[in-house]
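As stored in run_8.tsv (TSV, C-alpha atoms and all ligand atoms):
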```tsv
chain	number	residue	atom	x	y	z
P	627	MET	CA	20.64	-4.21	9.10
P	628	VAL	CA	21.41	-7.00	6.67
P	629	ASP	CA	23.18	-6.19	3.40
P	630	ILE	CA	20.34	-6.96	0.99
P	631	SER	CA	22.40	-6.40	-2.17
P	632	ASN	CA	23.38	-10.08	-2.12
P	633	ILE	CA	19.88	-11.50	-2.36
P	634	ARG	CA	20.53	-15.18	-1.74
P	635	LYS	CA	22.93	-14.53	1.13
P	636	SER	CA	20.56	-12.05	2.78
P	637	ILE	CA	17.66	-14.54	2.59
P	638	CYS	CA	19.82	-17.14	4.41
P	639	ILE	CA	20.84	-14.61	7.09
P	640	ILE	CA	17.27	-13.40	7.66
P	641	GLY	CA	16.03	-17.00	7.87
P	642	LYS	CA	18.57	-17.78	10.56
P	643	LEU	CA	17.71	-14.55	12.41
P	644	LEU	CA	13.99	-15.39	12.37
P	645	PHE	CA	14.72	-18.82	13.80
P	646	ASN	CA	17.25	-17.66	16.40
P	647	ARG	CA	14.96	-14.89	17.64
P	648	GLY	CA	12.00	-17.22	18.03
P	649	LEU	CA	10.05	-15.56	15.24
P	650	THR	CA	9.61	-18.80	13.39
P	651	ASP	CA	10.19	-22.46	14.23
P	652	SER	CA	11.29	-25.76	12.74
P	653	SER	CA	7.82	-26.45	11.46
P	654	GLY	CA	7.69	-23.61	9.00
P	655	GLY	CA	8.26	-20.13	7.68
P	656	ASN	CA	9.40	-19.05	4.24
P	657	ILE	CA	11.07	-16.05	2.65
P	658	SER	CA	11.14	-14.60	-0.84
P	659	VAL	CA	12.59	-11.57	-2.64
P	660	ARG	CA	11.65	-10.04	-5.99
P	661	ASP	CA	14.45	-8.67	-8.16
P	662	ASN	CA	12.82	-7.14	-11.26
P	663	ASP	CA	11.21	-10.13	-13.02
P	664	LYS	CA	12.86	-12.78	-10.87
P	665	ILE	CA	11.62	-14.30	-7.60
P	666	TYR	CA	14.12	-15.76	-5.12
P	667	ILE	CA	12.42	-18.11	-2.66
P	668	THR	CA	13.39	-20.51	0.13
P	669	PRO	CA	13.01	-24.27	-0.34
P	670	LYS	CA	10.47	-26.53	1.35
P	671	SER	CA	11.30	-27.68	4.87
P	672	SER	CA	13.95	-25.03	5.55
P	673	GLY	CA	13.01	-25.34	9.21
P	674	PHE	CA	12.25	-29.03	9.50
P	675	ASP	CA	15.28	-30.31	7.58
P	676	TYR	CA	17.82	-27.52	8.12
P	677	GLN	CA	16.70	-25.60	11.26
P	678	TRP	CA	17.05	-22.55	9.02
P	679	SER	CA	20.75	-23.13	8.36
P	680	ILE	CA	20.19	-23.10	4.61
P	681	GLU	CA	22.90	-22.32	2.04
P	682	GLU	CA	22.77	-19.78	-0.77
P	683	ASP	CA	22.66	-22.44	-3.49
P	684	GLN	CA	19.44	-23.83	-1.97
P	685	ILE	CA	17.55	-20.64	-2.81
P	686	ILE	CA	15.38	-21.24	-5.87
P	687	VAL	CA	14.93	-18.62	-8.60
P	688	THR	CA	11.85	-18.47	-10.83
P	689	ASP	CA	9.88	-15.99	-12.86
P	690	LEU	CA	6.72	-14.31	-11.54
P	691	CYS	CA	4.61	-17.41	-12.32
P	692	LYS	CA	7.07	-19.89	-10.76
P	693	MET	CA	8.58	-20.95	-14.08
P	694	PRO	CA	12.08	-22.22	-13.21
P	695	ILE	CA	15.24	-20.18	-13.73
P	696	LEU	CA	17.62	-21.68	-11.17
P	697	GLY	CA	17.10	-24.70	-8.92
P	698	ASP	CA	14.27	-27.21	-8.78
P	699	PRO	CA	10.84	-25.48	-8.78
P	700	GLU	CA	9.39	-28.64	-7.20
P	701	LYS	CA	11.33	-27.70	-4.07
P	702	VAL	CA	9.84	-24.20	-3.81
P	703	SER	CA	8.25	-23.45	-0.42
P	704	ARG	CA	4.82	-24.97	0.15
P	705	GLU	CA	3.48	-21.45	0.80
P	706	SER	CA	4.43	-20.37	-2.72
P	707	ALA	CA	0.84	-19.56	-3.77
P	708	THR	CA	0.63	-16.71	-1.25
P	709	HIS	CA	4.09	-15.39	-2.12
P	710	TYR	CA	3.45	-15.29	-5.89
P	711	TYR	CA	-0.10	-13.96	-5.52
P	712	ILE	CA	1.23	-11.06	-3.41
P	713	TYR	CA	3.92	-10.17	-5.98
P	714	GLN	CA	1.36	-10.34	-8.79
P	715	ASN	CA	-1.06	-8.05	-6.94
P	716	PHE	CA	1.33	-5.55	-5.33
P	717	PRO	CA	4.02	-4.29	-7.74
P	718	GLU	CA	5.59	-2.25	-4.92
P	719	VAL	CA	6.32	-5.38	-2.85
P	720	ASN	CA	9.84	-6.75	-3.22
P	721	ALA	CA	10.12	-9.04	-0.18
P	722	ILE	CA	7.85	-11.35	1.80
P	723	ILE	CA	8.26	-13.23	5.08
P	724	HIS	CA	5.90	-15.87	6.38
P	725	ALA	CA	6.73	-16.75	10.00
P	726	HIS	CA	5.33	-18.37	13.13
P	727	PRO	CA	5.90	-15.70	15.84
P	728	VAL	CA	4.70	-17.14	19.16
P	729	PHE	CA	3.42	-14.00	20.87
P	730	PHE	CA	1.71	-12.68	17.76
P	731	ASN	CA	0.14	-16.12	17.30
P	732	ALA	CA	-1.45	-15.78	20.75
P	733	PHE	CA	-3.46	-12.86	19.32
P	734	ASN	CA	-4.43	-14.36	15.97
P	735	SER	CA	-5.39	-17.66	17.64
P	736	ALA	CA	-7.84	-15.71	19.80
P	737	HIS	CA	-9.07	-13.90	16.66
P	738	MET	CA	-7.87	-10.65	18.22
P	739	SER	CA	-6.45	-7.76	16.21
P	740	LEU	CA	-3.10	-6.49	17.37
P	741	PRO	CA	-2.91	-2.77	18.17
P	742	ALA	CA	0.46	-1.04	17.98
P	743	VAL	CA	1.35	-0.04	21.54
P	744	ASN	CA	5.08	0.69	21.50
P	745	GLU	CA	6.22	3.94	19.90
P	746	GLY	CA	8.65	2.03	17.67
P	747	THR	CA	5.89	-0.33	16.61
P	748	ARG	CA	3.54	2.55	15.85
P	749	LEU	CA	6.19	4.25	13.73
P	750	ILE	CA	6.93	1.08	11.80
P	751	LEU	CA	3.50	-0.49	11.51
P	752	GLY	CA	1.31	2.59	11.84
P	753	ASP	CA	-1.80	3.10	13.97
P	754	GLN	CA	-3.86	0.61	12.00
P	755	PRO	CA	-4.16	-2.59	14.06
P	756	ILE	CA	-2.91	-5.79	12.45
P	757	THR	CA	-5.95	-7.85	11.54
P	758	ASN	CA	-6.38	-11.54	10.83
P	759	ILE	CA	-7.73	-13.40	7.85
P	760	GLU	CA	-10.30	-16.13	8.40
P	761	GLU	CA	-8.82	-19.48	9.22
P	762	SER	CA	-7.73	-21.18	6.00
P	763	ILE	CA	-5.99	-24.37	4.93
P	764	PRO	CA	-2.25	-23.59	5.15
P	765	CYS	CA	-0.55	-23.13	1.77
P	766	SER	CA	-3.88	-22.98	-0.09
P	767	VAL	CA	-4.91	-20.57	-2.83
P	768	GLU	CA	-7.88	-19.74	-0.59
P	769	GLN	CA	-5.41	-18.49	2.06
P	770	ALA	CA	-3.53	-16.50	-0.59
P	771	GLU	CA	-6.72	-14.82	-1.79
P	772	LYS	CA	-7.75	-13.89	1.75
P	773	ILE	CA	-4.35	-12.32	2.42
P	774	ILE	CA	-4.61	-10.28	-0.80
P	775	ILE	CA	-8.02	-8.97	0.35
P	776	ASN	CA	-6.61	-8.15	3.80
P	777	PHE	CA	-3.64	-6.24	2.34
P	778	LYS	CA	-5.85	-4.33	-0.13
P	779	GLN	CA	-8.09	-3.32	2.77
P	780	ARG	CA	-5.08	-2.08	4.75
P	781	LYS	CA	-3.93	0.02	1.80
P	782	LYS	CA	-7.44	1.37	1.28
P	783	ILE	CA	-7.42	2.70	4.86
P	784	ASP	CA	-3.86	3.96	4.55
P	785	PRO	CA	-1.99	3.79	1.21
P	786	ASN	CA	1.32	3.70	3.12
P	787	ALA	CA	0.29	0.99	5.58
P	788	ALA	CA	2.77	-1.77	6.38
P	789	LEU	CA	1.43	-4.96	4.87
P	790	ILE	CA	1.18	-7.59	7.57
P	791	CYS	CA	-1.63	-9.87	8.72
P	792	GLY	CA	-2.27	-12.77	11.05
P	793	ILE	CA	-3.37	-16.27	10.10
P	794	PRO	CA	-5.30	-17.82	13.03
P	795	PHE	CA	-3.54	-20.72	14.75
P	796	HIS	CA	-0.69	-20.41	12.27
P	797	GLY	CA	1.42	-17.27	11.87
P	798	SER	CA	2.06	-14.04	10.00
P	799	PHE	CA	2.57	-12.84	6.45
P	800	ALA	CA	4.48	-9.60	5.93
P	801	ALA	CA	5.21	-7.90	2.60
P	802	GLY	CA	7.21	-4.76	1.90
P	803	PRO	CA	9.81	-2.90	-0.14
P	804	ASN	CA	12.77	-5.02	0.96
P	805	LEU	CA	13.89	-7.82	3.25
P	806	ASN	CA	14.95	-5.55	6.13
P	807	HIS	CA	11.50	-3.93	6.16
P	808	VAL	CA	9.59	-7.20	6.30
P	809	PHE	CA	11.89	-8.57	8.99
P	810	VAL	CA	11.17	-5.47	11.09
P	811	TYR	CA	7.41	-5.75	10.43
P	812	THR	CA	7.47	-9.35	11.66
P	813	GLU	CA	9.62	-8.66	14.70
P	814	SER	CA	7.74	-5.47	15.64
P	815	ALA	CA	4.42	-7.29	15.61
P	816	ASP	CA	5.79	-9.94	17.93
P	817	VAL	CA	7.42	-7.36	20.25
P	818	CYS	CA	4.13	-5.50	20.40
P	819	ALA	CA	2.20	-8.68	21.25
P	820	LYS	CA	4.80	-9.55	23.88
P	821	THR	CA	4.48	-6.09	25.49
P	822	ILE	CA	0.70	-6.36	25.71
P	823	ILE	CA	0.83	-9.90	27.13
P	824	TYR	CA	3.49	-9.07	29.75
P	825	ARG	CA	1.77	-5.84	30.73
P	826	LYS	CA	-1.48	-7.72	31.32
P	827	LEU	CA	0.21	-10.59	33.16
P	828	MET	CA	2.26	-8.35	35.40
P	829	PHE	CA	0.10	-5.32	36.02
P	830	GLU	CA	-3.59	-5.96	35.43
P	831	GLY	CA	-5.38	-5.33	38.73
P	832	VAL	CA	-2.33	-3.59	40.24
P	833	PRO	CA	-3.66	-0.26	41.65
P	834	GLU	CA	-0.51	1.70	40.78
P	835	ALA	CA	-0.58	0.63	37.12
P	836	ASP	CA	-2.22	3.07	34.73
P	837	PHE	CA	-2.97	1.70	31.28
P	838	SER	CA	-4.81	4.82	30.16
P	839	ILE	CA	-1.94	7.30	29.75
P	840	HIS	CA	-0.55	7.16	26.24
P	841	LYS	CA	-0.01	10.39	24.33
P	842	LYS	CA	0.22	8.67	20.96
P	843	PHE	CA	2.28	11.31	19.18
P	844	THR	CA	1.27	11.65	15.56
P	845	GLN	CA	3.63	10.89	12.70
P	846	GLN	CA	3.62	14.61	11.89
P	847	GLU	CA	4.62	15.52	15.46
P	848	ILE	CA	7.48	13.05	15.41
P	849	GLU	CA	8.66	14.15	11.97
P	850	SER	CA	8.39	17.81	12.99
P	851	VAL	CA	11.18	17.42	15.52
P	852	GLU	CA	14.20	18.72	13.72
P	853	GLU	CA	17.19	16.52	14.17
P	854	SER	CA	19.34	18.54	16.53
P	855	LYS	CA	23.03	18.84	15.91
P	856	GLU	CA	23.53	20.20	19.43
P	857	VAL	CA	24.27	17.66	22.14
P	858	CYS	CA	25.31	20.10	24.85
P	859	GLN	CA	23.89	23.09	26.71
P	860	SER	CA	25.70	26.43	26.25
P	861	GLY	CA	27.93	27.25	29.19
P	862	TYR	CA	28.99	23.66	29.85
P	863	LYS	CA	32.70	23.59	30.82
P	864	TYR	CA	34.82	20.60	29.93
P	865	LYS	CA	38.31	19.45	28.97
P	866	ASP	CA	38.73	19.06	25.23
P	867	ALA	CA	40.87	16.54	23.36
P	868	PHE	CA	43.84	18.93	23.57
P	869	GLY	CA	43.73	19.26	27.33
P	870	ASN	CA	42.24	22.77	27.37
P	871	ILE	CA	39.42	23.74	29.68
P	872	ILE	CA	36.79	25.22	27.37
P	873	THR	CA	33.22	26.40	27.44
P	874	TYR	CA	30.65	25.09	24.99
P	875	ASP	CA	28.66	27.92	23.44
P	876	LYS	CA	26.06	28.13	20.66
P	877	GLY	CA	27.28	25.18	18.66
P	878	ARG	CA	30.95	26.12	18.86
P	879	SER	CA	33.64	25.29	21.33
P	880	VAL	CA	35.24	28.47	22.63
P	881	ASN	CA	38.80	28.00	23.67
P	882	SER	CA	39.32	29.63	27.04
P	883	LYS	CA	42.86	30.43	26.01
P	884	GLN	CA	41.53	32.14	22.88
P	885	GLY	CA	44.24	30.50	20.85
P	886	ASN	CA	44.09	28.75	17.49
P	887	ILE	CA	44.51	24.99	17.50
P	888	ASP	CA	47.75	23.88	15.93
P	889	PRO	CA	46.92	21.58	12.94
P	890	ASP	CA	50.05	19.53	13.77
P	891	ILE	CA	48.56	18.71	17.20
P	892	VAL	CA	45.25	17.68	15.56
P	893	ASN	CA	47.14	15.36	13.18
P	894	LYS	CA	49.15	13.91	16.08
P	895	ILE	CA	46.02	13.15	18.12
P	896	THR	CA	44.21	11.66	15.10
P	897	LYS	CA	47.21	9.38	14.49
P	898	GLU	CA	47.22	8.28	18.15
P	899	ILE	CA	43.49	7.46	18.02
P	900	LEU	CA	43.87	5.41	14.84
P	901	GLU	CA	46.81	3.48	16.33
P	902	ASN	CA	44.80	2.74	19.46
P	903	ILE	CA	41.90	1.46	17.33
P	904	LYS	CA	44.27	-0.89	15.47
P	905	LYS	CA	45.57	-2.30	18.78
P	906	GLN	CA	42.05	-3.16	20.02
Y	1001	ZN	ZN	3.42	-21.63	8.20
```

Conversion result in structure tokens:
Amino acid sequence: MVDISNIRKSICIIGKLLFNRGLTDSSGGNISVRDNDKIYITPKSSGFDYQWSIEEDQIIVTDLCKMPILGDPEKVSRESATHYYIYQNFPEVNAIIHAHPVFFNAFNSAHMSLPAVNEGTRLILGDQPITNIEESIPCSVEQAEKIIINFKQRKKIDPNAALICGIPFHGSFAAGPNLNHVFVYTESADVCAKTIIYRKLMFEGVPEADFSIHKKFTQQEIESVEESKEVCQSGYKYKDAFGNIITYDKGRSVNSKQGNIDPDIVNKITKEILENIKKQ
């Protein structure tokens, strides 16, 4: 997880991550973050000219209507219309990523919605498939307006839906509460597309493969599982850090010698552990 408290630095790190993980390419992608009334946004040609190795001082800062605060507003990403339209329409959105994820693009270029198949993807993106806008001229206001309609539709179906859509033959737009969220939305969509494509390539027509079994646990079922503090079954015998053979029982270690642990020994062992960590 990237430290998002330093906005300009985190935008540079996320840009590099997108590029290194094949989620965007040298031909495009752009990132922005809203901090109260200010918008931080990547410059034009971050991929083409810099292969996403951009520096913090290249990030441009404007107000919500692209009026300049820091840096040259003429250099603001060519996709700025969509970024600013999203911020103006969705007050809860504080970060946006436009990327060119290859596997996800295979779906939007076939005008296919992308269902969430992995459990992680379902938890992050929800059960609502990712849909595509109609093909639009890249960077146009028309594209921006179509994405706004798509996101409003997603929220109408589920007010908590992750905001992400496909642009046919082009890429993805993801919007969310912060930069880590929108990075995960983008990556999860691509991982999901990759899983579906590989599964089909490798197993379609294979008699042993069964595509029908999927329990699809609900969000409530998953959330209902109380985080267990127990990691061991009662009755398990083992040697503890003090060399005693003990039996684990009902959340407490029971010393087979029934003796109290000397605090001096605990301090000695803690000191040894810390010294070993320093040496590594
Ligand atoms: Zn693009």

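Nearest to Met738 in chain P of all the residues P:Ala819, P:Ile774, P:Ala800, P:Met828 is P:Ala819, counting all atoms listed in the file.
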
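Between Ala725 in chain P and the residues P:Ile793, P:Leu805, P:Ala835, P:Ala787, the shortest atom-to-atom distance, using all atoms listed in the file, involves P:Ile793.
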
Return as a ChimeraX atom specification every polymer residue, whether protein, DNA or RNA, with at least one atom no more than 6 Å from an atom of ligand ZN 1001 (chain Y); count all atoms listed in the file.
/P:654-655,796

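Taking CA of Asn804 in chain P and CA of Arg660 in chain P as the two end points, the separation is 8.6 Å.
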
Calculate how many Å separate CA of Gln769 in chain P from CA of Thr708 in chain P, rounding to one decimal.
7.1 Å

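Pairwise distance (CA of Ile839 in chain P, CA of Ala815 in chain P) equals 21.3 Å.
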
Residue completion, range 807-824 of chain P, N, CA and C atoms, as a PDB file, in the coordinates of the input:
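Generated output (out_16.pdb):
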```
ATOM      1  N   HIS P 807      12.820  -4.424   5.748  1.00  0.00           N
ATOM      2  CA  HIS P 807      11.500  -3.930   6.160  1.00  0.00           C
ATOM      3  C   HIS P 807      10.615  -5.071   6.657  1.00  0.00           C
ATOM      4  N   VAL P 808      10.538  -6.145   5.901  1.00  0.00           N
ATOM      5  CA  VAL P 808       9.590  -7.200   6.300  1.00  0.00           C
ATOM      6  C   VAL P 808      10.066  -7.949   7.536  1.00  0.00           C
ATOM      7  N   PHE P 809      11.389  -7.993   7.738  1.00  0.00           N
ATOM      8  CA  PHE P 809      11.890  -8.570   8.990  1.00  0.00           C
ATOM      9  C   PHE P 809      11.432  -7.701  10.169  1.00  0.00           C
ATOM     10  N   VAL P 810      11.581  -6.393  10.015  1.00  0.00           N
ATOM     11  CA  VAL P 810      11.170  -5.470  11.090  1.00  0.00           C
ATOM     12  C   VAL P 810       9.661  -5.542  11.330  1.00  0.00           C
ATOM     13  N   TYR P 811       8.873  -5.630  10.257  1.00  0.00           N
ATOM     14  CA  TYR P 811       7.410  -5.750  10.430  1.00  0.00           C
ATOM     15  C   TYR P 811       7.109  -6.979  11.304  1.00  0.00           C
ATOM     16  N   THR P 812       7.748  -8.093  10.964  1.00  0.00           N
ATOM     17  CA  THR P 812       7.470  -9.350  11.660  1.00  0.00           C
ATOM     18  C   THR P 812       7.908  -9.256  13.125  1.00  0.00           C
ATOM     19  N   GLU P 813       9.109  -8.751  13.333  1.00  0.00           N
ATOM     20  CA  GLU P 813       9.620  -8.660  14.700  1.00  0.00           C
ATOM     21  C   GLU P 813       8.820  -7.641  15.522  1.00  0.00           C
ATOM     22  N   SER P 814       8.487  -6.506  14.908  1.00  0.00           N
ATOM     23  CA  SER P 814       7.740  -5.470  15.640  1.00  0.00           C
ATOM     24  C   SER P 814       6.382  -5.985  16.089  1.00  0.00           C
ATOM     25  N   ALA P 815       5.728  -6.742  15.236  1.00  0.00           N
ATOM     26  CA  ALA P 815       4.420  -7.290  15.610  1.00  0.00           C
ATOM     27  C   ALA P 815       4.568  -8.205  16.822  1.00  0.00           C
ATOM     28  N   ASP P 816       5.605  -9.012  16.812  1.00  0.00           N
ATOM     29  CA  ASP P 816       5.790  -9.940  17.930  1.00  0.00           C
ATOM     30  C   ASP P 816       6.182  -9.205  19.219  1.00  0.00           C
ATOM     31  N   VAL P 817       7.032  -8.170  19.081  1.00  0.00           N
ATOM     32  CA  VAL P 817       7.420  -7.360  20.250  1.00  0.00           C
ATOM     33  C   VAL P 817       6.188  -6.672  20.839  1.00  0.00           C
ATOM     34  N   CYS P 818       5.345  -6.175  19.956  1.00  0.00           N
ATOM     35  CA  CYS P 818       4.130  -5.500  20.400  1.00  0.00           C
ATOM     36  C   CYS P 818       3.217  -6.472  21.156  1.00  0.00           C
ATOM     37  N   ALA P 819       3.036  -7.659  20.586  1.00  0.00           N
ATOM     38  CA  ALA P 819       2.200  -8.680  21.250  1.00  0.00           C
ATOM     39  C   ALA P 819       2.794  -9.044  22.600  1.00  0.00           C
ATOM     40  N   LYS P 820       4.110  -9.181  22.639  1.00  0.00           N
ATOM     41  CA  LYS P 820       4.800  -9.550  23.880  1.00  0.00           C
ATOM     42  C   LYS P 820       4.578  -8.470  24.944  1.00  0.00           C
ATOM     43  N   THR P 821       4.681  -7.204  24.549  1.00  0.00           N
ATOM     44  CA  THR P 821       4.480  -6.090  25.490  1.00  0.00           C
ATOM     45  C   THR P 821       3.079  -6.137  26.089  1.00  0.00           C
ATOM     46  N   ILE P 822       2.090  -6.344  25.228  1.00  0.00           N
ATOM     47  CA  ILE P 822       0.700  -6.360  25.710  1.00  0.00           C
ATOM     48  C   ILE P 822       0.485  -7.536  26.674  1.00  0.00           C
ATOM     49  N   ILE P 823       1.018  -8.694  26.293  1.00  0.00           N
ATOM     50  CA  ILE P 823       0.830  -9.900  27.130  1.00  0.00           C
ATOM     51  C   ILE P 823       1.518  -9.720  28.485  1.00  0.00           C
ATOM     52  N   TYR P 824       2.760  -9.261  28.482  1.00  0.00           N
ATOM     53  CA  TYR P 824       3.490  -9.070  29.750  1.00  0.00           C
ATOM     54  C   TYR P 824       2.830  -8.006  30.614  1.00  0.00           C
TER      55      TYR P 824
END
```
